[in-house]
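What follows is a set of notes on a single structure, which appears directly below.
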Amino acid sequence: MAAHSLSLSLPTRTPLLRRLLLRRGIVPPSRGLRCPSSSAAAPPLPRRGALFLGAGGTRQRGAVWIRTMSSSVNSTAVAKKEANVEPLPFVNDKHGGIIIEMTTPMDPQVFSASLKSALSKWREQGIRGVWIKLPIGLANLIQSAVEEGFWYHHAEETYLMLAYWLPNTTHTLPVNATHRVGVGAFVMNEKREVLAVQEKSGVLRGLGVWKFPTGVVEPGEDINLGAVREVKEETGIDTEFIEVLAFRQSHKAYFEKSDLFFVCILRPLSFNITKQESEIEDAQWIPVEEFAAQPFVQKHELVKYILEVGLAKVDVEYAGFSPIRIKSAFTDKQSLFYMNRRDLDKASGSGNKISPGL
């Protein structure tokens, strides 16, 4: 009742003054005190650029106040976004690109935000190629990378490599390895018997066909060492590498990859055969005439040519390719260069012979 009585006892001019001040945004409405007319409209919000009194009676503009609130909200959003960004471990490659090498677990959402931030920065810096190496234990991050535009480049037993091209142009990143390297061994003893095997698996399984020992060169293995290893594994025979006699290239041979097959001639150092139980059905020294008489050899041109170049090396002066070790001007690594050393020495003169270097 006291408040109601006070409302009735206000001078007539007081509500009019209060309404005017409310319209100008100078004073806030008070609880329990209303204008005489209960149907009066609520005072409008300050117009853009309208003046009002701030704290301490300071004159401020409504637009400034609204903009300040907006900036505060945006700053909070940016701070929250940056809080979810972590630096990604990376190294620079030799061609001006970036290789992200993930080794420790990371939340996929944090990884996605961190990747977006890093790509934006690298794009501004003019970086073009970006790679991500993900170990198999971090396979949960693959989707985040793919959603950013990364594609599969290649995979090994322990990791997946993804690639991305930042410029809006056709990428010039190197493709994945295109070839598999295989070896075949021509080994003949003094009795003119060739070392031959029958396989337990593959297209020749159970056909009784004798073939030369063959296999695939392992990663980081030299061709000459791969040939010696394959003969030892399949037959137990120790050998010495002599030359690469020839090679064959084919395409779409294994998982759509091309294939390089090197025919090597080896000198036997032992003669007692111990076959590989897991892969070899039988292994023997076969007279070369008996080996050549097989219908399979007559029909299969690759085996026929292996036999021909092998016999040409033994009986005639056929020169194959023997390796020499060479150095690079760019790294400390050495590699093997295969060439016809005999004819090169002949062409260069006896005074300029190249040392084997092996």
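Just remember, in the structure tokens the first chain shown is A, the second B, etc., residues are 1-based per chain, and ligands are 1-based in the order shown.
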inquiry  = Which residues are close to Asp259 (chain A), i.e. within 10 Å by only C-alpha atoms, leaving aside same-chain residues fewer than 2 positions away? Reply as a list in words.
reply    = Thr178, His179, Arg180, Val181, Gly182, Arg248, Gln249, Ser250, His251, Lys252, Ala253, Tyr254, Glu256, Lys257, Phe261 and Phe262 of chain A
Selected residues written out with N, CA and C atoms, as a short mmCIF file (atom, residue, chain, number, x, y, z; two decimals), in the first residue's frame:
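Below is the file part_32.cif, written as the result:
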data_model
loop_
_atom_site.label_atom_id
_atom_site.label_comp_id
_atom_site.auth_asym_id
_atom_site.auth_seq_id
_atom_site.Cartn_x
_atom_site.Cartn_y
_atom_site.Cartn_z
N THR A 178 56.52 -47.69 -58.63
CA THR A 178 55.79 -48.29 -59.75
C THR A 178 56.21 -49.71 -60.08
N HIS A 179 57.38 -50.15 -59.60
CA HIS A 179 57.89 -51.45 -60.01
C HIS A 179 58.24 -52.35 -58.82
N ARG A 180 58.08 -53.64 -59.05
CA ARG A 180 58.61 -54.67 -58.17
C ARG A 180 59.83 -55.27 -58.86
N VAL A 181 60.84 -55.65 -58.08
CA VAL A 181 62.07 -56.18 -58.66
C VAL A 181 62.21 -57.66 -58.31
N GLY A 182 62.35 -58.48 -59.34
CA GLY A 182 62.53 -59.91 -59.16
C GLY A 182 63.86 -60.37 -59.75
N ARG A 248 63.98 -58.34 -67.91
CA ARG A 248 62.68 -58.22 -68.57
C ARG A 248 61.82 -57.24 -67.79
N GLN A 249 61.06 -56.41 -68.52
CA GLN A 249 60.09 -55.51 -67.90
C GLN A 249 58.69 -55.91 -68.35
N SER A 250 57.76 -55.97 -67.39
CA SER A 250 56.36 -56.24 -67.70
C SER A 250 55.49 -55.31 -66.86
N HIS A 251 54.21 -55.19 -67.24
CA HIS A 251 53.32 -54.25 -66.57
C HIS A 251 52.08 -54.96 -66.02
N LYS A 252 51.51 -54.34 -64.99
CA LYS A 252 50.31 -54.88 -64.33
C LYS A 252 50.52 -56.34 -63.95
N ALA A 253 51.67 -56.58 -63.31
CA ALA A 253 52.03 -57.95 -62.96
C ALA A 253 51.59 -58.33 -61.56
N TYR A 254 51.70 -57.41 -60.62
CA TYR A 254 51.45 -57.75 -59.21
C TYR A 254 50.82 -56.55 -58.54
N GLU A 256 48.74 -54.58 -59.81
CA GLU A 256 48.75 -53.53 -60.84
C GLU A 256 50.10 -52.82 -60.97
N LYS A 257 51.14 -53.34 -60.33
CA LYS A 257 52.47 -52.75 -60.44
C LYS A 257 53.22 -53.35 -61.63
N PHE A 261 62.48 -57.96 -63.95
CA PHE A 261 63.00 -59.28 -63.62
C PHE A 261 64.42 -59.40 -64.17
N PHE A 262 65.41 -59.57 -63.27
CA PHE A 262 66.81 -59.62 -63.66
C PHE A 262 67.31 -61.06 -63.67
#
task = Quick one: everything within 12 Å of Ser120 (chain A), counting only C-alpha atoms, minus sequence neighbours fewer than 6 positions away in the same chain. Send it as an MDAnalysis selection string.
result = chainID A and resid 113:114 126:128 130 148 166:167
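Minimum distance to Leu134 (chain A) across A:Pro323, A:Gly96, A:Pro105, A:Gly226 (counting only C-alpha atoms) occurs at A:Pro105.
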message = Here is a test: counting only C-alpha atoms, which residue of A:Glu317, A:Asp345, A:Glu301, A:Glu199 is nearest to Glu281 (chain A)?
response = A:Glu199
request  = Extract the full set of strand (DSSP E) residues from region 252-309 of chain A according to DSSP on the backbone, and format it as JSON, numbers by chain.
outcome  = {"A": [252, 253, 254, 257, 258, 259, 260, 261, 262, 263, 264, 265, 266, 267, 268, 280, 281, 282, 283, 284, 285, 286, 287]}
